[in-house]
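Have a look at data.tsv; it's TSV, C-alpha atoms:
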```tsv
chain	number	residue	atom	x	y	z
A	1	MET	CA	-15.39	-1.33	8.49
A	2	THR	CA	-16.07	-1.34	12.16
A	3	HIS	CA	-14.15	-3.23	14.75
A	4	GLY	CA	-14.87	-4.51	18.22
A	5	GLY	CA	-18.57	-3.72	18.28
A	6	ALA	CA	-18.26	-0.04	17.37
A	7	GLU	CA	-21.34	1.42	15.75
A	8	ALA	CA	-21.29	1.82	11.98
A	9	GLY	CA	-20.42	5.36	11.01
A	10	ALA	CA	-18.93	6.14	14.46
A	11	GLU	CA	-15.53	6.86	12.96
A	12	PRO	CA	-14.98	10.34	11.47
A	13	ALA	CA	-14.44	10.62	7.73
A	14	PRO	CA	-10.88	10.81	6.43
A	15	PRO	CA	-9.56	14.22	5.38
A	16	PRO	CA	-10.93	14.82	1.84
A	17	MET	CA	-7.58	15.72	0.26
A	18	MET	CA	-5.83	12.69	1.78
A	19	ASP	CA	-8.69	10.46	0.63
A	20	ARG	CA	-8.46	11.87	-2.92
A	21	ILE	CA	-4.70	11.33	-3.03
A	22	ALA	CA	-5.05	7.76	-1.72
A	23	ARG	CA	-7.79	7.00	-4.28
A	24	THR	CA	-5.75	8.49	-7.13
A	25	ILE	CA	-2.66	6.50	-6.18
A	26	ALA	CA	-4.74	3.30	-5.88
A	27	ILE	CA	-6.31	3.90	-9.30
A	28	CYS	CA	-2.82	4.33	-10.77
A	29	GLY	CA	-1.80	1.07	-9.09
A	30	GLY	CA	-4.85	-0.62	-10.59
A	31	LEU	CA	-3.91	0.69	-14.03
A	32	PHE	CA	-0.39	-0.70	-13.54
A	33	MET	CA	-1.86	-4.10	-12.70
A	34	LEU	CA	-4.27	-3.94	-15.62
A	35	ALA	CA	-1.39	-3.14	-17.96
A	36	ALA	CA	0.66	-5.99	-16.50
A	37	ALA	CA	-2.24	-8.44	-16.84
A	38	THR	CA	-2.83	-7.35	-20.44
A	39	MET	CA	0.85	-7.75	-21.25
A	40	VAL	CA	0.99	-11.21	-19.66
A	41	THR	CA	-2.10	-12.26	-21.61
A	42	ILE	CA	-0.60	-11.05	-24.88
A	43	SER	CA	2.74	-12.67	-24.05
A	44	VAL	CA	1.09	-16.03	-23.31
A	45	LEU	CA	-0.93	-15.83	-26.53
A	46	LEU	CA	2.20	-15.01	-28.51
A	47	ARG	CA	4.03	-17.95	-26.93
A	48	TRP	CA	1.13	-20.21	-27.78
A	49	LEU	CA	0.74	-18.95	-31.35
A	50	LEU	CA	4.29	-18.02	-32.35
A	51	LYS	CA	6.44	-19.82	-29.75
A	52	SER	CA	7.85	-16.44	-28.66
A	53	GLY	CA	6.41	-14.09	-26.03
A	54	ILE	CA	7.13	-10.52	-25.05
A	55	ARG	CA	10.81	-10.18	-24.17
A	56	GLY	CA	11.34	-9.25	-20.52
A	57	ASP	CA	7.66	-9.49	-19.61
A	58	PHE	CA	8.50	-10.87	-16.16
A	59	GLU	CA	10.62	-7.80	-15.37
A	60	MET	CA	7.81	-5.43	-16.23
A	61	VAL	CA	5.35	-7.52	-14.19
A	62	GLN	CA	7.70	-7.47	-11.18
A	63	ILE	CA	8.06	-3.69	-11.29
A	64	ALA	CA	4.35	-3.07	-11.89
A	65	THR	CA	3.36	-5.41	-9.06
A	66	ALA	CA	5.74	-3.80	-6.56
A	67	VAL	CA	4.46	-0.33	-7.42
A	68	ALA	CA	0.81	-1.45	-7.38
A	69	VAL	CA	1.03	-3.14	-3.98
A	70	PHE	CA	2.33	0.02	-2.35
A	71	ALA	CA	-0.22	2.06	-4.29
A	72	PHE	CA	-3.11	0.14	-2.72
A	73	LEU	CA	-1.93	0.26	0.91
A	74	PRO	CA	-2.78	3.91	1.76
A	75	LEU	CA	-6.38	3.58	0.52
A	76	CYS	CA	-6.78	0.31	2.38
A	77	GLN	CA	-5.55	1.97	5.58
A	78	ILE	CA	-7.60	5.14	5.23
A	79	ARG	CA	-10.77	3.09	4.70
A	80	ARG	CA	-9.88	0.72	7.56
A	81	GLY	CA	-9.78	-2.19	5.13
A	82	ASN	CA	-6.90	-4.08	6.73
A	83	VAL	CA	-7.56	-7.45	8.28
A	84	PHE	CA	-8.41	-7.36	11.97
A	85	VAL	CA	-7.81	-10.33	14.22
A	86	ASP	CA	-10.02	-9.81	17.23
A	87	THR	CA	-9.86	-13.25	18.85
A	88	PHE	CA	-8.81	-11.82	22.21
A	89	THR	CA	-10.67	-8.51	22.00
A	90	LEU	CA	-14.07	-9.74	20.82
A	91	ARG	CA	-15.71	-9.05	24.19
A	92	THR	CA	-13.65	-6.09	25.34
A	93	PRO	CA	-15.13	-2.59	25.51
A	94	THR	CA	-15.15	-0.40	22.41
A	95	TRP	CA	-12.82	2.15	24.01
A	96	LEU	CA	-10.18	-0.56	24.57
A	97	ASN	CA	-10.49	-1.84	20.99
A	98	ARG	CA	-10.12	1.69	19.66
A	99	GLY	CA	-7.07	2.20	21.86
A	100	LEU	CA	-5.48	-1.00	20.59
A	101	ASP	CA	-6.33	-0.10	16.98
A	102	ARG	CA	-4.79	3.31	17.55
A	103	LEU	CA	-1.63	1.75	18.98
A	104	TRP	CA	-1.29	-0.61	16.00
A	105	ASP	CA	-1.88	2.27	13.57
A	106	VAL	CA	1.05	4.10	15.17
A	107	VAL	CA	3.22	0.95	14.98
A	108	TYR	CA	2.18	0.50	11.33
A	109	ALA	CA	3.10	4.14	10.64
A	110	GLY	CA	6.50	3.61	12.22
A	111	PHE	CA	7.24	0.63	10.02
A	112	ALA	CA	5.90	2.42	6.93
A	113	PHE	CA	8.23	5.36	7.63
A	114	LEU	CA	11.16	3.01	8.18
A	115	ILE	CA	10.45	1.12	4.95
A	116	GLY	CA	9.90	4.36	3.03
A	117	TRP	CA	13.14	5.88	4.31
A	118	ARG	CA	15.16	2.79	3.38
A	119	LEU	CA	13.48	2.49	-0.04
A	120	ILE	CA	14.22	6.12	-0.84
A	121	LEU	CA	17.87	5.65	0.11
A	122	GLY	CA	17.96	2.46	-1.97
A	123	GLY	CA	16.27	4.17	-4.91
A	124	LEU	CA	18.74	7.05	-4.85
A	125	ASP	CA	21.59	4.54	-4.72
A	126	ALA	CA	20.09	2.55	-7.62
A	127	ILE	CA	19.80	5.74	-9.68
A	128	ALA	CA	23.37	6.81	-8.84
A	129	SER	CA	24.76	3.38	-9.74
A	130	ARG	CA	22.49	3.08	-12.81
A	131	THR	CA	21.04	-0.24	-11.62
A	132	SER	CA	18.75	-1.73	-14.22
A	133	SER	CA	16.82	-4.90	-14.93
A	134	MET	CA	18.74	-7.75	-16.53
A	135	VAL	CA	16.85	-8.33	-19.78
A	136	LEU	CA	15.43	-4.95	-20.77
A	137	ALA	CA	17.84	-2.73	-18.81
A	138	ILE	CA	14.93	-0.81	-17.26
A	139	PRO	CA	16.30	1.65	-14.67
A	140	VAL	CA	14.77	0.42	-11.41
A	141	GLY	CA	15.74	3.31	-9.15
A	142	TRP	CA	12.75	5.44	-10.13
A	143	ALA	CA	10.31	2.65	-9.30
A	144	ILE	CA	12.04	2.15	-5.95
A	145	LEU	CA	11.77	5.89	-5.24
A	146	ALA	CA	8.06	5.85	-6.14
A	147	VAL	CA	7.45	2.91	-3.81
A	148	GLY	CA	9.40	4.69	-1.07
A	149	ALA	CA	7.27	7.82	-1.47
A	150	MET	CA	4.10	5.73	-1.27
A	151	ALA	CA	5.41	4.05	1.90
A	152	LEU	CA	5.97	7.49	3.46
A	153	PHE	CA	2.44	8.50	2.45
A	154	LEU	CA	1.18	5.28	4.04
A	155	GLY	CA	2.91	6.31	7.27
A	156	ILE	CA	1.15	9.68	7.18
A	157	VAL	CA	-2.19	7.97	6.52
A	158	ALA	CA	-1.64	5.53	9.40
A	159	LEU	CA	-0.89	8.40	11.79
A	160	THR	CA	-4.02	10.16	10.55
A	161	THR	CA	-6.18	7.08	11.16
A	162	ALA	CA	-4.68	6.76	14.66
A	163	ARG	CA	-5.57	10.40	15.32
A	164	ARG	CA	-9.10	9.86	14.03
A	165	LEU	CA	-9.55	6.91	16.40
A	166	GLY	CA	-8.32	9.00	19.31
A	167	ARG	CA	-10.99	11.63	18.76
A	168	ARG	CA	-13.90	9.22	19.08
A	169	PHE	CA	-13.51	7.57	22.46
A	170	PRO	CA	-16.92	7.23	24.17
```

This entry written out as structure tokens:
Amino acid sequence: MTHGGAEAGAEPAPPPMMDRIARTIAICGGLFMLAAATMVTISVLLRWLLKSGIRGDFEMVQIATAVAVFAFLPLCQIRRGNVFVDTFTLRTPTWLNRGLDRLWDVVYAGFAFLIGWRLILGGLDAIASRTSSMVLAIPVGWAILAVGAMALFLGIVALTTARRLGRRFP
């Protein structure tokens, strides 16, 4: 995706290893969502046919969705797939748009690191206190830790995309 009138292909390719990791994590997130969708479908069918669905299905869907959302973010960032609002920068020079995009990538990285740090602390606390879901007693700390690790990876990806933008000023 290009932004602010930049030529297609003007941006350097992401580092291959980082791209592979982001794709692998996103595929895992997609598999989580596919599993959740399949379970919801089966649960709804069971409720319709037998008046009883899968016990605790909503808990599993909540956990899978949280993990999947954070699994998709690094790939979206590395491919520049986030939504751009360029109302005020539509007619500004490419170098200025790249500079603004770079700034926002750094801000995004900062928030991703902050969120990741707090999620990891929360996940460790949830594991230590044996926090679990209400119906199925699924330990939630490990999912929180996984989401925290993905948020930290997102921060690294956002810094990498900012660095890539900085290399290509005209």

message: I want to know what sits within 8 Å of Leu119 (chain A), based on all atoms listed in the file, with residues of the same chain fewer than 6 positions away left out; could you give that as a ChimeraX atom specification?
response: /A:144-145,147-148

task: Go through A:Leu152, A:Ala112, A:Val106, A:Val61 one by one, measure the shortest atom-to-atom distance of each to Ala37 (chain A) using only C-alpha atoms, and give the residue with the smallest value.
output: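 Among A:Leu152, A:Ala112, A:Val106, A:Val61, it is A:Val61 that comes nearest to Ala37 (chain A).
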
message: So that I can check the surroundings of Cys76 (chain A), please list as a PyMOL selection string every protein, DNA and RNA residue that reaches within 10 Å of it, counting all atoms listed in the file and ignoring chain neighbours fewer than 4 positions away.
response: chain A and resi 22-23+26+71-72+80-83+154+157

message: Show me, as a list in words, the residues that have an atom within 9 Å of Ala126 (chain A) when counting only C-alpha atoms, minus same-chain residues fewer than 3 positions from it.
response: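 Listing them by chain and then by number gives Leu121, Gly122, Gly123, Ser129, Arg130, Thr131, Ser132, Pro139, Val140, Gly141, Trp142 and Ile144 of chain A.
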
Export of prior selection with C-alpha atoms as a PDB file, in the coordinates of the input:
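The resulting again_35.pdb:
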```pdb
ATOM      1  CA  LEU A 121      17.870   5.650   0.110  1.00  0.00           C
ATOM      2  CA  GLY A 122      17.960   2.460  -1.970  1.00  0.00           C
ATOM      3  CA  GLY A 123      16.270   4.170  -4.910  1.00  0.00           C
ATOM      4  CA  SER A 129      24.760   3.380  -9.740  1.00  0.00           C
ATOM      5  CA  ARG A 130      22.490   3.080 -12.810  1.00  0.00           C
ATOM      6  CA  THR A 131      21.040  -0.240 -11.620  1.00  0.00           C
ATOM      7  CA  SER A 132      18.750  -1.730 -14.220  1.00  0.00           C
ATOM      8  CA  PRO A 139      16.300   1.650 -14.670  1.00  0.00           C
ATOM      9  CA  VAL A 140      14.770   0.420 -11.410  1.00  0.00           C
ATOM     10  CA  GLY A 141      15.740   3.310  -9.150  1.00  0.00           C
ATOM     11  CA  TRP A 142      12.750   5.440 -10.130  1.00  0.00           C
ATOM     12  CA  ILE A 144      12.040   2.150  -5.950  1.00  0.00           C
TER      13      ILE A 144
END
```

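From CA of Ile127 (chain A) back to CA of Thr65 (chain A), the distance works out to 19.9 Å.
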
query: Which protein, DNA or RNA residues are at most 7 Å from (2.1, -6.8, -18.9) in the file's coordinates when you count only C-alpha atoms, listed as a ChimeraX atom specification?
result: /A:35-40,57,60-61

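Here CA of Ala64 (chain A) stands at a distance of 20.1 Å from CA of Leu45 (chain A).
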
message: I'd like the interatomic distance between CA of Met18 (chain A) and CA of Asp101 (chain A), to a tenth of an Å.
response: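 We find that CA of Met18 (chain A) and CA of Asp101 (chain A) lie 19.9 Å from each other.
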